[in-house]
Amino acid sequence: MTPSTDRNAQLFERARHVIPGGVNSPVRAFKAVGGTPRFVARAKGAHFWDANDQRYIDYIGSWGPMILGHGHPEVVDAVQRAALEGFSFGAPTEREVELAERILALVPSMDMVRLVSSGTEAAMSAIRLARGATGRSKLIKFEGCYHGHADALLVKAGSGLATFGNPTSAGVPPEVVQHTLVLEYNNLQQLEEAFAQHGREIACLMIEPIAGNMNFVRASVPFMKRCRELCTQYGALLAFDEVMTGFRVALGGAQSVYAQHIPGFEPDMTVMGKVIGGGMPLAAFGARRAVMEQLAPLGSVYQAGTLSGNPVATACGLATLNLISQPGFFDRLATTTASLVQGLRGAARRAGIPFSGDSQGGMFGFFLLPELPQNYATVMTTDGARFNHFFHGMLDRGVYFAPALYEAGFVSAAHTAEDIAHTVAAADEVFAEMAKG
């Protein structure tokens, strides 16, 4: 296809004149892998069609929310009915209460929840609440974990013992992140040292329990257990960022997965997004009642949002949660996802390509490495050029994986055995090409 007939190329050229980089979120630009982004025209089930009417098997699912697949009829019906009632009111609705009740019933670590519009907003607000509730300033995050683009969270670790105040984005003054301590994921020694030195100043420890922004990396059970113990010991709040994992890896989120291995385990705060909106802009944060009652209008910690609890978004979220709560849903989803990873692993093995992969529920990741990484530094050892070859080879065969080394993938209930078989067959061809050099 030539540039004069490629609608994706034409749209990207137009977009670059009016939108920075031609996209409204950086990873969409294909900058990491090269080539022209696909402009999506429509989607249905496990597939989408680009501006050239080329069909792809979709393994990003809007980066996680589309757990039922695109255009599920019951969700579409709920959204259409809500839209006819009104797009936004700036006043409370019954549906906000229903969604909050539903979330709390599924995630018992929370007594109350506040609805917002994005994961960034939820994480930012949770940190403000943790600081207000504890009267402390410092927070711990982990390298490779992404909690949105709030200033205080755009910071990474230095070499050796983790350092303060090293922003990773222009426009973030060092003094804004001076209270953010960044540690290496799964590093028990750094965790112990951080609490020993700063424990009584730490308001919260925020963590992605399964990190999805360095592809797919689990916090080990011993590491998570120690996070819980140290937060309890020093009076810090353990905040789970489940924007990606919430209602995606299990009906009770990642915290329910860790509770199977750590008796009595639960976080103090939870941040959620993606699946709870079913594809609409909706997120939430919650905690026990004593913490949540520190929020305005009850307490002195301020947070507000014009579109928070949007009536169309809450309709979409409620319909989604009701459907994924049906018996056997997550067993089926986990089986499909595991079969994809197993199939990719087999294709790589047949070609002699180093490969490792993992999955939980409907979330997965893979690396062109012989073993699964445990932290961001190890993830960074993946051969980027080899991944780019794989990505474009699969794209040419109608399979759309995340256009970056560092993003997890997602399977929906709409993915079929035929979709998985097509994907594995395509991987066989691409890995064979890669083996030939």
# chains A, B, ... in the order shown; residues from 1 in each chain; ligands from 1
call {"tool": "residues_around", "arguments": {"residues": "segment 253-256 of chain A", "least_positions_apart": "5", "cutoff": "12 Å", "atoms": "only C-alpha atoms", "output": "ChimeraX atom specification"}}
result
/A:103-104,106-110,207-211,218-219,221,224-225,228,238-248,261-273,275-276,330,360-363
call {"tool": "residues_around", "arguments": {"residues": "Arg128 of chain A", "least_positions_apart": "2", "cutoff": "12 Å", "atoms": "only C-alpha atoms", "output": "PyMOL selection string"}}
result
chain A and resi 121-126+130-139+150+152-153+203-204+237+239+269+285+291-292+294-296+300-303
call {"tool": "write_last_selection", "arguments": {"atoms": "C-alpha atoms", "output": "PDB file, in the first residue's frame"}}
result
ATOM      1  CA  GLU A 121      -6.869  11.357  39.187  1.00  0.00           C
ATOM      2  CA  ALA A 122      -7.590   8.412  41.484  1.00  0.00           C
ATOM      3  CA  ALA A 123      -3.922   7.759  42.339  1.00  0.00           C
ATOM      4  CA  MET A 124      -3.168  11.448  42.842  1.00  0.00           C
ATOM      5  CA  SER A 125      -6.172  11.814  45.147  1.00  0.00           C
ATOM      6  CA  ALA A 126      -5.333   8.661  47.102  1.00  0.00           C
ATOM      7  CA  ALA A 130      -2.927   9.244  52.650  1.00  0.00           C
ATOM      8  CA  ARG A 131      -0.854  12.308  53.497  1.00  0.00           C
ATOM      9  CA  GLY A 132      -3.835  14.046  55.044  1.00  0.00           C
ATOM     10  CA  ALA A 133      -4.906  11.004  57.056  1.00  0.00           C
ATOM     11  CA  THR A 134      -1.417  10.271  58.411  1.00  0.00           C
ATOM     12  CA  GLY A 135      -0.048  13.810  58.697  1.00  0.00           C
ATOM     13  CA  ARG A 136       3.089  12.623  56.866  1.00  0.00           C
ATOM     14  CA  SER A 137       4.711  13.728  53.607  1.00  0.00           C
ATOM     15  CA  LYS A 138       6.856  10.941  52.180  1.00  0.00           C
ATOM     16  CA  LEU A 139       5.686   8.190  49.894  1.00  0.00           C
ATOM     17  CA  ALA A 150       0.680  13.405  38.486  1.00  0.00           C
ATOM     18  CA  ALA A 152       4.757  13.624  42.476  1.00  0.00           C
ATOM     19  CA  LEU A 153       4.717  10.225  40.756  1.00  0.00           C
ATOM     20  CA  ALA A 203       2.457   8.340  54.517  1.00  0.00           C
ATOM     21  CA  CYS A 204       1.953   5.499  52.064  1.00  0.00           C
ATOM     22  CA  LEU A 237      -0.831   3.068  54.441  1.00  0.00           C
ATOM     23  CA  ALA A 239      -1.979   1.543  48.683  1.00  0.00           C
ATOM     24  CA  MET A 269      -6.208   1.824  50.140  1.00  0.00           C
ATOM     25  CA  PHE A 285     -10.218   5.103  45.097  1.00  0.00           C
ATOM     26  CA  VAL A 291      -9.579   7.145  56.211  1.00  0.00           C
ATOM     27  CA  MET A 292     -12.248   8.010  53.627  1.00  0.00           C
ATOM     28  CA  GLN A 294     -11.027  12.585  55.923  1.00  0.00           C
ATOM     29  CA  LEU A 295     -12.232  13.619  52.434  1.00  0.00           C
ATOM     30  CA  ALA A 296     -14.293  16.752  51.827  1.00  0.00           C
ATOM     31  CA  SER A 300     -10.199  18.566  55.357  1.00  0.00           C
ATOM     32  CA  VAL A 301      -8.669  16.691  52.396  1.00  0.00           C
ATOM     33  CA  TYR A 302     -10.074  18.320  49.276  1.00  0.00           C
ATOM     34  CA  GLN A 303     -11.001  16.457  46.104  1.00  0.00           C
TER      35      GLN A 303
END
call {"tool": "residues_around", "arguments": {"residues": "Gln189 of chain A", "least_positions_apart": "3", "cutoff": "12 Å", "atoms": "only C-alpha atoms", "output": "number ranges by chain"}}
result
A: 160-162, 183-186, 192-196, 223, 226-227
call {"tool": "residues_around", "arguments": {"residues": "Tyr376 of chain A", "least_positions_apart": "3", "cutoff": "10 Å", "atoms": "only C-alpha atoms", "output": "PyMOL selection string"}}
result
chain A and resi 142-145+184-186+211+213-215+217+373+379-381+406
call {"tool": "write_last_selection", "arguments": {"atoms": "N, CA and C atoms", "output": "JSON list (two decimals), in the first residue's frame"}}
result
[["chain", "number", "residue", "atom", "x", "y", "z"],
["A", 142, "PHE", "N", 7.68, 2.31, 43.30],
["A", 142, "PHE", "CA", 8.69, 1.38, 42.79],
["A", 142, "PHE", "C", 8.97, 1.65, 41.32],
["A", 143, "GLU", "N", 10.26, 1.53, 40.99],
["A", 143, "GLU", "CA", 10.67, 1.77, 39.62],
["A", 143, "GLU", "C", 9.97, 0.79, 38.67],
["A", 144, "GLY", "N", 9.41, 1.34, 37.61],
["A", 144, "GLY", "CA", 8.68, 0.52, 36.66],
["A", 144, "GLY", "C", 7.19, 0.50, 36.91],
["A", 145, "CYS", "N", 6.75, 0.93, 38.10],
["A", 145, "CYS", "CA", 5.32, 1.05, 38.38],
["A", 145, "CYS", "C", 4.84, 2.43, 37.97],
["A", 184, "GLU", "N", 13.58, -0.33, 44.08],
["A", 184, "GLU", "CA", 13.53, -1.38, 43.07],
["A", 184, "GLU", "C", 12.45, -2.38, 43.43],
["A", 185, "TYR", "N", 11.65, -2.72, 42.46],
["A", 185, "TYR", "CA", 10.57, -3.69, 42.63],
["A", 185, "TYR", "C", 11.14, -5.03, 43.06],
["A", 186, "ASN", "N", 10.52, -5.65, 44.04],
["A", 186, "ASN", "CA", 10.91, -6.98, 44.54],
["A", 186, "ASN", "C", 12.26, -6.99, 45.25],
["A", 211, "ALA", "N", 2.75, -5.47, 38.08],
["A", 211, "ALA", "CA", 3.09, -4.27, 37.32],
["A", 211, "ALA", "C", 2.81, -4.51, 35.84],
["A", 213, "ASN", "N", 3.09, -1.87, 33.52],
["A", 213, "ASN", "CA", 3.75, -0.85, 32.72],
["A", 213, "ASN", "C", 5.25, -1.09, 32.60],
["A", 214, "MET", "N", 5.68, -2.28, 33.02],
["A", 214, "MET", "CA", 6.99, -2.78, 32.61],
["A", 214, "MET", "C", 6.76, -4.17, 32.02],
["A", 215, "ASN", "N", 5.65, -4.27, 31.33],
["A", 215, "ASN", "CA", 5.09, -5.46, 30.71],
["A", 215, "ASN", "C", 4.28, -6.22, 31.75],
["A", 217, "VAL", "N", 5.00, -8.01, 35.44],
["A", 217, "VAL", "CA", 5.94, -8.44, 36.48],
["A", 217, "VAL", "C", 5.19, -8.49, 37.80],
["A", 373, "PRO", "N", 11.41, -11.57, 34.19],
["A", 373, "PRO", "CA", 12.08, -10.54, 35.00],
["A", 373, "PRO", "C", 11.37, -10.32, 36.33],
["A", 379, "VAL", "N", 13.86, -6.14, 32.98],
["A", 379, "VAL", "CA", 12.99, -5.93, 31.82],
["A", 379, "VAL", "C", 13.75, -5.18, 30.72],
["A", 380, "MET", "N", 14.56, -4.23, 31.13],
["A", 380, "MET", "CA", 15.28, -3.38, 30.18],
["A", 380, "MET", "C", 16.36, -4.14, 29.40],
["A", 381, "THR", "N", 16.65, -5.37, 29.79],
["A", 381, "THR", "CA", 17.65, -6.15, 29.05],
["A", 381, "THR", "C", 17.06, -6.84, 27.82],
["A", 406, "TYR", "N", 7.21, -2.53, 27.00],
["A", 406, "TYR", "CA", 6.97, -2.38, 28.43],
["A", 406, "TYR", "C", 5.49, -2.34, 28.80]]
call {"tool": "closest_residue", "arguments": {"among": "A:Gln197, A:Gln326, A:Thr423, A:Asn388", "to": "Val33 of chain A", "atoms": "only C-alpha atoms"}}
result
A:Asn388
call {"tool": "residues_around", "arguments": {"residues": "Val411 of chain A", "least_positions_apart": "5", "cutoff": "8 Å", "atoms": "only C-alpha atoms", "output": "list in words"}}
result
Tyr59, Ile60, Gly61, Ile67, Leu333, Thr336, Thr337, Gly362, Met363 and Phe364 of chain A
call {"tool": "select_by_dssp", "arguments": {"residues": "segment 208-421 of chain A", "states": "strand (DSSP E or B)", "output": "ChimeraX atom specification"}}
result
/A:210-211,217-218,237-242,246,250,269-272,278,280,283-287,295,301,356-360,363-367,399-400,409-410
call {"tool": "atom_distance", "arguments": {"atom1": "atom CA of Ala91 of chain A", "atom2": "atom CA of Ser117 of chain A"}}
result
15.1 Å
call {"tool": "select_by_dssp", "arguments": {"residues": "segment 5-173 of chain A", "states": "alpha helix (DSSP H)", "output": "PyMOL selection string"}}
result
chain A and resi 7-18+73-85+94-106+119-134
call {"tool": "residues_around", "arguments": {"residues": "Leu340 of chain A", "least_positions_apart": "4", "cutoff": "12 Å", "atoms": "only C-alpha atoms", "output": "ChimeraX atom specification"}}
result
/A:59,333-336,344-347,357-366,409-412,415-425,427
call {"tool": "write_last_selection", "arguments": {"atoms": "C-alpha atoms", "output": "short mmCIF file (atom, residue, chain, number, x, y, z; two decimals), in the first residue's frame"}}
result
data_model
loop_
_atom_site.label_atom_id
_atom_site.label_comp_id
_atom_site.auth_asym_id
_atom_site.auth_seq_id
_atom_site.Cartn_x
_atom_site.Cartn_y
_atom_site.Cartn_z
CA TYR A 59 -4.78 -7.79 22.56
CA LEU A 333 -11.01 -15.99 30.84
CA ALA A 334 -7.91 -17.29 32.65
CA THR A 335 -7.95 -20.48 30.58
CA THR A 336 -8.08 -18.53 27.31
CA LEU A 344 3.42 -18.26 22.13
CA ARG A 345 5.89 -20.07 24.35
CA GLY A 346 5.65 -23.15 22.13
CA ALA A 347 6.10 -21.12 18.95
CA GLY A 357 5.56 -15.38 29.59
CA ASP A 358 3.06 -15.19 32.41
CA SER A 359 -0.62 -14.45 32.92
CA GLN A 360 -3.25 -13.96 35.58
CA GLY A 361 -6.93 -13.82 34.76
CA GLY A 362 -7.26 -11.79 31.57
CA MET A 363 -3.88 -10.03 31.80
CA PHE A 364 -0.64 -11.36 30.31
CA GLY A 365 2.89 -10.44 29.36
CA PHE A 366 5.82 -11.93 27.52
CA GLY A 409 -1.51 -7.37 27.13
CA PHE A 410 -5.16 -8.20 27.66
CA VAL A 411 -7.50 -10.97 26.60
CA SER A 412 -11.28 -10.55 26.61
CA HIS A 415 -11.49 -14.02 22.22
CA THR A 416 -12.12 -17.45 20.78
CA ALA A 417 -10.05 -20.59 20.33
CA GLU A 418 -9.81 -19.60 16.67
CA ASP A 419 -8.34 -16.21 17.61
CA ILE A 420 -5.72 -17.90 19.77
CA ALA A 421 -4.90 -20.45 17.06
CA HIS A 422 -4.49 -17.70 14.45
CA THR A 423 -2.21 -15.78 16.80
CA VAL A 424 -0.01 -18.80 17.54
CA ALA A 425 0.21 -19.72 13.84
CA ALA A 427 3.87 -16.31 15.86
#
call {"tool": "closest_residue", "arguments": {"among": "A:Asn24, A:Gln10, A:Asn52, A:Thr93", "to": "Asn310 of chain A", "atoms": "only C-alpha atoms"}}
result
A:Thr93
call {"tool": "closest_residue", "arguments": {"among": "A:Gly305, A:Gly286, A:Gly199, A:Gly317", "to": "Leu129 of chain A", "atoms": "only C-alpha atoms"}}
result
A:Gly286
call {"tool": "residues_around", "arguments": {"residues": "Thr306 of chain A", "least_positions_apart": "6", "cutoff": "9 Å", "atoms": "only C-alpha atoms", "output": "list in words"}}
result
Ser88, Phe89 and Gly90 of chain A
